[in-house]
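Source file: data20.cif. Holds: mmCIF, C-alpha atoms.
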data_work
loop_
_atom_site.label_atom_id
_atom_site.label_comp_id
_atom_site.auth_asym_id
_atom_site.auth_seq_id
_atom_site.Cartn_x
_atom_site.Cartn_y
_atom_site.Cartn_z
CA MET W 1 27.69 -20.61 10.81
CA ASN W 2 26.82 -17.67 8.67
CA ALA W 3 23.16 -16.81 8.42
CA LYS W 4 21.64 -16.94 4.96
CA VAL W 5 19.49 -14.20 3.54
CA ARG W 6 16.54 -16.60 3.41
CA ASP W 7 16.71 -16.99 7.19
CA VAL W 8 16.23 -13.32 7.93
CA MET W 9 14.26 -11.94 4.98
CA THR W 10 10.62 -10.93 5.08
CA PRO W 11 9.07 -13.51 2.74
CA GLY W 12 6.15 -13.08 0.37
CA PRO W 13 6.70 -9.47 -0.64
CA ILE W 14 3.68 -7.33 -1.35
CA GLY W 15 3.32 -6.02 -4.87
CA VAL W 16 1.24 -3.13 -6.17
CA ASP W 17 0.31 -2.20 -9.70
CA TYR W 18 2.14 0.71 -11.31
CA TYR W 19 -1.12 2.65 -11.61
CA ARG W 20 -2.31 2.20 -8.03
CA SER W 21 -2.44 5.51 -6.20
CA ILE W 22 0.18 6.82 -3.83
CA GLY W 23 -2.46 6.86 -1.10
CA ASP W 24 -3.26 3.19 -1.72
CA ALA W 25 0.42 2.29 -1.51
CA ALA W 26 0.64 4.12 1.83
CA ARG W 27 -2.38 2.23 3.14
CA ILE W 28 -0.90 -1.08 2.03
CA MET W 29 2.31 -0.26 3.90
CA ARG W 30 0.28 0.67 6.95
CA ASP W 31 -2.05 -2.32 6.88
CA TRP W 32 0.69 -4.87 6.31
CA GLY W 33 3.23 -3.23 8.59
CA ILE W 34 5.82 -2.98 5.85
CA GLY W 35 8.10 -0.25 4.60
CA ALA W 36 8.43 -1.20 0.94
CA VAL W 37 6.31 -2.64 -1.83
CA LEU W 38 7.37 -4.00 -5.17
CA VAL W 39 5.82 -2.26 -8.15
CA VAL W 40 4.48 -4.41 -10.95
CA ASN W 41 3.72 -3.24 -14.47
CA ASP W 42 2.17 -5.59 -17.03
CA ARG W 43 2.77 -8.42 -14.57
CA ALA W 44 6.51 -7.79 -14.67
CA LEU W 45 8.60 -6.44 -11.81
CA TYR W 46 9.05 -2.74 -12.49
CA GLY W 47 10.68 -1.39 -9.35
CA LEU W 48 10.40 -0.92 -5.63
CA VAL W 49 8.93 1.93 -3.63
CA THR W 50 9.49 2.60 0.08
CA ASP W 51 7.62 4.63 2.66
CA ARG W 52 10.45 7.15 2.41
CA ASP W 53 10.07 7.35 -1.37
CA LEU W 54 6.42 8.36 -0.92
CA VAL W 55 7.58 11.20 1.33
CA VAL W 56 10.62 12.56 -0.50
CA ARG W 57 9.40 11.92 -4.04
CA ALA W 58 5.72 12.79 -3.64
CA VAL W 59 4.91 14.81 -0.51
CA ALA W 60 8.10 16.90 -0.76
CA GLU W 61 7.31 17.60 -4.40
CA SER W 62 3.65 18.44 -3.79
CA THR W 63 2.54 15.37 -5.74
CA GLY W 64 -0.95 14.40 -4.60
CA PRO W 65 -2.02 11.06 -3.11
CA ASP W 66 -4.23 10.24 -6.08
CA GLU W 67 -1.33 10.15 -8.52
CA PRO W 68 0.04 6.73 -9.59
CA VAL W 69 2.75 5.25 -7.40
CA GLY W 70 4.73 3.73 -10.27
CA PRO W 71 6.74 6.83 -11.21
CA LEU W 72 8.07 7.04 -7.64
CA SER W 73 9.75 3.64 -7.93
CA SER W 74 13.42 2.92 -7.73
CA ARG W 75 14.48 0.94 -10.76
CA ASP W 76 17.61 -1.00 -11.69
CA LEU W 77 17.19 -2.84 -8.44
CA ILE W 78 20.12 -4.41 -6.68
CA ALA W 79 19.02 -7.86 -5.55
CA VAL W 80 20.46 -10.61 -3.41
CA HIS W 81 19.99 -14.37 -3.64
CA ALA W 82 18.20 -16.28 -0.90
CA ASP W 83 21.26 -18.53 -0.52
CA ASP W 84 23.69 -15.63 -0.09
CA ASP W 85 25.20 -14.93 3.32
CA THR W 86 23.66 -12.00 5.16
CA ALA W 87 27.10 -10.38 4.95
CA VAL W 88 26.60 -10.13 1.19
CA ALA W 89 23.32 -8.30 1.69
CA MET W 90 24.96 -5.94 4.18
CA ARG W 91 27.79 -5.18 1.80
CA LEU W 92 25.41 -4.52 -1.10
CA MET W 93 23.37 -2.15 1.04
CA ARG W 94 26.49 -0.23 1.95
CA GLU W 95 27.92 -0.11 -1.55
CA HIS W 96 24.69 1.00 -3.14
CA ALA W 97 23.36 3.05 -0.21
CA VAL W 98 20.00 1.29 -0.18
CA HIS W 99 18.01 -0.03 2.75
CA ARG W 100 15.99 -2.73 1.07
CA LEU W 101 16.99 -5.52 -1.27
CA PRO W 102 14.64 -7.84 -3.14
CA VAL W 103 15.57 -11.47 -2.51
CA ILE W 104 15.61 -13.70 -5.58
CA GLU W 105 15.06 -17.45 -5.59
CA ASP W 106 14.42 -19.64 -8.63
CA GLY W 107 14.23 -16.53 -10.77
CA GLU W 108 11.42 -15.01 -8.77
CA VAL W 109 11.19 -12.48 -5.98
CA ALA W 110 10.89 -14.44 -2.75
CA GLY W 111 11.21 -11.67 -0.20
CA VAL W 112 12.76 -8.41 0.89
CA VAL W 113 15.61 -7.85 3.33
CA SER W 114 16.31 -4.63 5.27
CA PRO W 115 19.10 -3.46 7.63
CA GLY W 116 17.15 -4.39 10.74
CA ASP W 117 17.12 -7.99 9.52
CA LEU W 118 20.87 -8.21 9.28
CA ALA W 119 22.40 -7.97 12.75
CA PRO W 120 24.69 -10.98 13.25
CA PRO W 121 23.00 -13.48 15.59
CA ASP W 122 26.06 -13.89 17.81
CA ASP W 123 26.58 -10.30 18.80
CA PRO W 124 24.72 -8.07 21.23
CA ALA W 125 22.81 -6.47 18.42
CA SER W 126 21.00 -9.76 17.87
CA ALA W 127 18.14 -8.12 19.68
CA LEU W 128 17.62 -6.34 16.40
CA ALA W 129 16.71 -9.63 14.79
CA GLU W 130 13.68 -9.83 17.04
CA LEU W 131 12.50 -6.58 15.59
CA ARG W 132 11.82 -8.29 12.34
CA GLN W 133 8.72 -9.60 14.02
CA THR W 134 7.36 -6.14 14.73
CA HIS W 135 9.12 -4.04 12.13
CA SER W 136 9.19 -6.23 9.09
CA GLY W 137 9.32 -3.13 6.93
CA MET Q 1 24.58 8.72 15.87
CA SER Q 2 23.70 11.17 13.17
CA ALA Q 3 24.26 14.77 14.21
CA PRO Q 4 23.17 17.45 14.39
CA PRO Q 5 19.45 16.69 14.36
CA VAL Q 6 17.04 18.77 12.37
CA CYS Q 7 14.44 20.42 14.56
CA MET Q 8 11.19 21.94 13.37
CA ALA Q 9 8.37 23.72 15.14
CA ALA Q 10 5.22 21.79 16.00
CA THR Q 11 3.25 24.29 13.94
CA GLU Q 12 5.10 23.51 10.71
CA SER Q 13 3.49 21.28 8.11
CA ALA Q 14 4.08 17.68 7.15
CA SER Q 15 4.91 18.99 3.70
CA ALA Q 16 7.69 21.18 5.10
CA ALA Q 17 9.08 18.22 7.03
CA ALA Q 18 9.03 16.08 3.87
CA LYS Q 19 11.00 18.76 2.04
CA ALA Q 20 13.53 18.94 4.88
CA MET Q 21 13.90 15.16 4.85
CA LYS Q 22 14.54 15.23 1.14
CA ASP Q 23 16.91 18.21 1.14
CA ARG Q 24 18.90 17.09 4.18
CA GLY Q 25 18.93 13.40 3.39
CA ILE Q 26 17.40 12.47 6.73
CA GLY Q 27 14.50 10.33 7.89
CA THR Q 28 13.71 11.96 11.20
CA VAL Q 29 12.80 15.45 12.29
CA LEU Q 30 12.65 16.40 15.95
CA VAL Q 31 9.60 18.46 16.81
CA VAL Q 32 10.10 21.30 19.26
CA ALA Q 33 7.55 23.47 21.00
CA GLY Q 34 8.64 26.41 23.13
CA GLY Q 35 12.26 25.34 22.88
CA ARG Q 36 11.58 21.90 24.32
CA LEU Q 37 11.60 18.55 22.57
CA ASP Q 38 7.96 17.73 21.97
CA GLY Q 39 8.21 14.70 19.73
CA LEU Q 40 9.66 13.10 16.67
CA VAL Q 41 8.37 12.61 13.13
CA THR Q 42 9.82 10.08 10.71
CA ASP Q 43 9.39 9.66 6.99
CA ARG Q 44 7.30 6.61 7.76
CA ASP Q 45 5.06 8.62 10.10
CA ILE Q 46 4.23 10.91 7.20
CA THR Q 47 3.35 7.89 5.06
CA ILE Q 48 1.21 6.24 7.73
CA ARG Q 49 -0.35 9.25 9.47
CA VAL Q 50 -0.78 11.63 6.54
CA LEU Q 51 -0.84 9.84 3.19
CA ALA Q 52 -2.61 6.69 4.38
CA GLU Q 53 -5.17 8.80 6.27
CA ASN Q 54 -5.91 11.10 3.34
CA ARG Q 55 -4.78 14.16 5.25
CA ASP Q 56 -3.45 17.18 3.40
CA PRO Q 57 0.33 17.44 3.95
CA LEU Q 58 0.17 21.21 3.51
CA THR Q 59 -2.22 21.75 6.41
CA THR Q 60 -1.32 18.85 8.70
CA ARG Q 61 0.84 20.15 11.53
CA LEU Q 62 3.78 18.20 12.87
CA GLY Q 63 2.44 18.61 16.38
CA ASP Q 64 -0.58 16.54 15.34
CA ILE Q 65 1.34 13.61 13.88
CA CYS Q 66 4.53 13.39 15.92
CA THR Q 67 5.31 10.63 18.33
CA THR Q 68 5.53 11.93 21.88
CA ASP Q 69 6.59 10.14 25.07
CA LEU Q 70 9.98 9.49 23.54
CA ALA Q 71 12.69 7.22 24.76
CA VAL Q 72 15.90 9.26 24.60
CA LEU Q 73 19.63 8.74 25.02
CA SER Q 74 22.47 10.80 26.39
CA PRO Q 75 25.68 11.07 24.35
CA ASP Q 76 27.54 9.01 26.95
CA ASP Q 77 25.11 6.10 26.95
CA ASP Q 78 26.55 2.90 25.54
CA VAL Q 79 25.30 1.13 22.48
CA GLN Q 80 23.79 -1.67 24.57
CA LYS Q 81 21.36 0.78 26.10
CA ALA Q 82 20.39 2.01 22.67
CA ILE Q 83 19.72 -1.54 21.52
CA ARG Q 84 17.72 -2.31 24.64
CA LEU Q 85 15.56 0.78 24.18
CA VAL Q 86 15.03 0.04 20.51
CA ARG Q 87 13.79 -3.41 21.47
CA GLU Q 88 11.74 -2.51 24.53
CA ARG Q 89 10.05 0.48 22.99
CA ALA Q 90 9.81 -1.01 19.50
CA VAL Q 91 11.19 2.15 17.94
CA ARG Q 92 13.64 2.64 15.12
CA ARG Q 93 15.13 5.98 16.12
CA LEU Q 94 16.23 7.49 19.44
CA PRO Q 95 16.92 11.19 19.99
CA VAL Q 96 20.17 11.97 21.82
CA ILE Q 97 19.75 14.75 24.37
CA ALA Q 98 22.56 16.64 26.13
CA ASP Q 99 21.62 19.15 28.83
CA GLY Q 100 18.09 19.29 27.47
CA VAL Q 101 19.21 20.05 23.94
CA PRO Q 102 18.78 17.57 21.08
CA VAL Q 103 22.25 16.83 19.71
CA GLY Q 104 21.65 13.81 17.51
CA VAL Q 105 19.60 10.77 16.58
CA VAL Q 106 20.53 7.10 16.69
CA SER Q 107 18.70 4.94 14.19
CA ILE Q 108 18.29 1.20 13.99
CA GLY Q 109 20.36 1.34 10.83
CA ASP Q 110 23.25 2.97 12.72
CA LEU Q 111 23.17 0.11 15.20
CA ALA Q 112 22.74 -2.78 12.78
CA LEU Q 113 25.40 -1.63 10.35
CA ASP Q 114 27.94 -0.21 12.79
CA GLU Q 115 27.92 -3.34 14.95
CA SER Q 116 29.54 -5.22 12.11
CA GLU Q 117 32.51 -2.90 11.97
CA PRO Q 118 35.56 -4.00 13.94
CA SER Q 119 35.62 -1.54 16.79
CA ASP Q 120 36.58 -1.31 20.40
CA GLN Q 121 34.47 1.78 20.81
CA GLY Q 122 31.35 1.37 22.82
CA GLN Q 123 29.71 4.72 23.19
CA ILE Q 124 27.06 6.41 21.18
CA LYS Q 125 29.14 9.51 20.64
CA GLN Q 126 31.81 7.44 18.96
CA TYR Q 127 29.55 6.31 16.18
CA PRO Q 128 29.40 9.20 13.76
CA THR Q 129 27.53 8.66 10.54
#
Show this structure as structure tokens.
Amino acid sequence: MNAKVRDVMTPGPIGVDYYRSIGDAARIMRDWGIGAVLVVNDRALYGLVTDRDLVVRAVAESTGPDEPVGPLSSRDLIAVHADDDTAVAMRLMREHAVHRLPVIEDGEVAGVVSPGDLAPPDDPASALAELRQTHSG
Amino acid sequence: MSAPPVCMAATESASAAAKAMKDRGIGTVLVVAGGRLDGLVTDRDITIRVLAENRDPLTTRLGDICTTDLAVLSPDDDVQKAIRLVRERAVRRLPVIADGVPVGVVSIGDLALDESEPSDQGQIKQYPT
């Protein structure tokens, strides 16, 4: 049976306000052991920012840690539905060259899925699935 | 694996590593000291060990934030070994060393995504990115 995205996603994604600082976003990623946070502006989903985004879009550009995190976000997000097969998520990641997809359910963001979540359970790489426990980012 | 790896001196700054990661499209820099592999710094390390700690990226040296005591692979190791090391050591990236020289990096993304491709190839060196 094909695994569904809901079975492997990291549920309850963490959101930060557009105007929170880059340093705060980094501390949230550290404290929650995650690699991406959703960015919210006026209570609406604005985008998504990853640990890598903080590095290549802020540190590499000499943008300081007190600047707002919002402008670093990726927008026009590609999302996957909680009921989709994990193969769909894998294909979307390949096609769009992204490593994290918001998971949508009932019109709301229910989680985030990343490549480490997606190893098929019946192949030797299933060990990767266990990593979700320690590397949920 | 992804090859060749980008190596930087332990005395270079986190800021320089961030620029290299951006310009080269990579997430890992191998840190070398005196010609030997000293450690590894990832994009996430810079987030967690520099930004989250309020350190200045311009003055923070890679030698002070890199992960040492690395698990490493040889180019002829099979993918199963890579997966086992990733699990046992709870790491996302493994340097590949040939005759003492870093020749590549295998990342968890290489393993997760490549495993889904139909393939009868079982060795690290046969998984170019």
CA of Glu61 in chain W to CA of Asp23 in chain Q measures 11.1 Å
Ground truth for the PyMOL selection byres ((chain Q) within 6 of (chain W)), written as a JSON list (two decimals) with C-alpha atoms, in the coordinates of the input:
[["chain", "number", "residue", "atom", "x", "y", "z"],
["Q", 15, "SER", "CA", 4.91, 18.99, 3.70],
["Q", 18, "ALA", "CA", 9.03, 16.08, 3.87],
["Q", 19, "LYS", "CA", 11.00, 18.76, 2.04],
["Q", 22, "LYS", "CA", 14.54, 15.23, 1.14],
["Q", 43, "ASP", "CA", 9.39, 9.66, 6.99],
["Q", 44, "ARG", "CA", 7.30, 6.61, 7.76],
["Q", 47, "THR", "CA", 3.35, 7.89, 5.06],
["Q", 48, "ILE", "CA", 1.21, 6.24, 7.73],
["Q", 51, "LEU", "CA", -0.84, 9.84, 3.19],
["Q", 52, "ALA", "CA", -2.61, 6.69, 4.38],
["Q", 109, "GLY", "CA", 20.36, 1.34, 10.83],
["Q", 112, "ALA", "CA", 22.74, -2.78, 12.78]]
Output of the PyMOL selection byres ((chain Q and resi 107) around 9), listed as a VMD selection string
chain Q and resid 1 to 2 86 91 to 95 105 to 106 108 to 112
Excluding same-chain residues fewer than 4 positions from Ser74 in chain W, what lies within 8 Å of it counting only C-alpha atoms, as a PDB file with C-alpha atoms, keeping the file's coordinate frame?
ATOM      1  CA  GLY W  47      10.680  -1.390  -9.350  1.00  0.00           C
ATOM      2  CA  LEU W  48      10.400  -0.920  -5.630  1.00  0.00           C
ATOM      3  CA  VAL W  49       8.930   1.930  -3.630  1.00  0.00           C
TER       4      VAL W  49
END
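Minimum atom-to-atom distance to Arg100 in chain W, evaluated using only C-alpha atoms, belongs to W:Val112 out of W:Thr86, W:Lys4, W:Val112, W:Tyr46.
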CA of Leu62 in chain Q to CA of Arg36 in chain Q measures 14.3 Å
_Distance in Å - CA of Val101 in chain Q versus CA of Asp38 in chain Q_ =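 CA of Asp38 in chain Q lies at a distance of 11.7 Å from CA of Val101 in chain Q.
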Evaluate the PyMOL selection byres ((chain W and resi 5) around 7) here and jot the selected residues down as a PyMOL selection string. chain W and resi 3-4+6-9+82-86
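With all atoms listed in the file as the atoms that count, the residue of Q:Leu37, Q:Arg55, Q:Thr11, Q:Asp64 with the shortest distance to Ala98 in chain Q is Q:Leu37.
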Let me know the centre plus edge lengths, in Å and rounded to one decimal, of a box with edges along x, y and z that contains all listed atoms of range 12-24 of chain W and is padded by 5 Å on every side, as lines of an AutoDock Vina configuration file.
center_x = 1.7
center_y = -3.1
center_z = -5.6
size_x = 20.0
size_y = 29.9
size_z = 22.0
Fewer than 5 positions away in the same chain doesn't count, so skip those; otherwise give me all residues within 12 Å of Cys7 in chain Q, counting only C-alpha atoms, as number ranges by chain. Q: 12, 16-17, 20-21, 24, 26, 28-42, 62, 95, 101-105
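Using all atoms listed in the file, the shortest contact distance between Asp17 in chain W and any of W:Leu101, W:Ala44, W:Val113, W:Ala36 is found at W:Ala44.
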Long-range neighbours of Gly63 in chain Q as a PyMOL selection string, 7 Å cut-off, only C-alpha atoms, 2 positions minimum in chain | chain Q and resi 10-11+61+65-66
Filled-in all heavy atoms of range 62-73 of chain Q, supplied as a short mmCIF file (atom, residue, chain, number, x, y, z; two decimals), in the coordinates of the input:
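Contents of the output file part-v3.cif:
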data_model
loop_
_atom_site.label_atom_id
_atom_site.label_comp_id
_atom_site.auth_asym_id
_atom_site.auth_seq_id
_atom_site.Cartn_x
_atom_site.Cartn_y
_atom_site.Cartn_z
N LEU Q 62 2.92 19.24 12.28
CA LEU Q 62 3.78 18.20 12.87
C LEU Q 62 3.36 17.86 14.30
O LEU Q 62 3.44 16.71 14.71
CB LEU Q 62 5.24 18.67 12.85
CG LEU Q 62 5.84 18.89 11.46
CD1 LEU Q 62 7.30 19.33 11.57
CD2 LEU Q 62 5.73 17.62 10.62
N GLY Q 63 2.88 18.86 15.01
CA GLY Q 63 2.44 18.61 16.38
C GLY Q 63 1.31 17.60 16.46
O GLY Q 63 1.09 16.97 17.49
N ASP Q 64 0.56 17.45 15.35
CA ASP Q 64 -0.58 16.54 15.34
C ASP Q 64 -0.21 15.13 14.91
O ASP Q 64 -1.03 14.20 15.05
CB ASP Q 64 -1.68 17.08 14.40
CG ASP Q 64 -2.26 18.39 14.91
OD1 ASP Q 64 -2.29 18.58 16.15
OD2 ASP Q 64 -2.66 19.22 14.08
N ILE Q 65 0.98 14.95 14.35
CA ILE Q 65 1.34 13.61 13.88
C ILE Q 65 2.61 13.06 14.52
O ILE Q 65 3.00 11.93 14.26
CB ILE Q 65 1.53 13.58 12.34
CG1 ILE Q 65 2.61 14.57 11.91
CG2 ILE Q 65 0.21 13.86 11.63
CD1 ILE Q 65 3.04 14.40 10.46
N CYS Q 66 3.26 13.87 15.36
CA CYS Q 66 4.53 13.39 15.92
C CYS Q 66 4.30 12.38 17.03
O CYS Q 66 3.24 12.32 17.64
CB CYS Q 66 5.37 14.56 16.42
SG CYS Q 66 4.73 15.42 17.85
N THR Q 67 5.30 11.57 17.22
CA THR Q 67 5.31 10.63 18.33
C THR Q 67 5.85 11.34 19.56
O THR Q 67 6.95 11.92 19.52
CB THR Q 67 6.21 9.43 18.00
OG1 THR Q 67 5.67 8.76 16.85
CG2 THR Q 67 6.28 8.45 19.16
N THR Q 68 5.07 11.31 20.64
CA THR Q 68 5.53 11.93 21.88
C THR Q 68 5.91 10.80 22.85
O THR Q 68 5.93 9.63 22.47
CB THR Q 68 4.43 12.82 22.48
OG1 THR Q 68 3.25 12.05 22.63
CG2 THR Q 68 4.13 14.00 21.54
N ASP Q 69 6.17 11.14 24.08
CA ASP Q 69 6.59 10.14 25.07
C ASP Q 69 7.79 9.36 24.53
O ASP Q 69 7.77 8.13 24.42
CB ASP Q 69 5.42 9.18 25.37
CG ASP Q 69 5.79 8.19 26.47
OD1 ASP Q 69 6.63 8.56 27.32
OD2 ASP Q 69 5.26 7.08 26.48
N LEU Q 70 8.82 10.10 24.20
CA LEU Q 70 9.98 9.49 23.54
C LEU Q 70 10.93 8.84 24.52
O LEU Q 70 11.14 9.33 25.63
CB LEU Q 70 10.76 10.58 22.78
CG LEU Q 70 10.02 11.30 21.67
CD1 LEU Q 70 10.92 12.38 21.09
CD2 LEU Q 70 9.58 10.32 20.61
N ALA Q 71 11.51 7.75 24.08
CA ALA Q 71 12.69 7.22 24.76
C ALA Q 71 13.89 7.98 24.20
O ALA Q 71 14.00 8.13 22.98
CB ALA Q 71 12.82 5.73 24.49
N VAL Q 72 14.76 8.46 25.07
CA VAL Q 72 15.90 9.26 24.60
C VAL Q 72 17.20 8.73 25.21
O VAL Q 72 17.19 7.98 26.18
CB VAL Q 72 15.74 10.75 24.97
CG1 VAL Q 72 14.49 11.33 24.34
CG2 VAL Q 72 15.73 10.94 26.48
N LEU Q 73 18.29 9.12 24.58
CA LEU Q 73 19.63 8.74 25.02
C LEU Q 73 20.42 9.98 25.40
O LEU Q 73 20.10 11.08 24.96
CB LEU Q 73 20.37 8.02 23.90
CG LEU Q 73 19.83 6.66 23.45
CD1 LEU Q 73 20.48 6.27 22.14
CD2 LEU Q 73 20.11 5.61 24.51
#
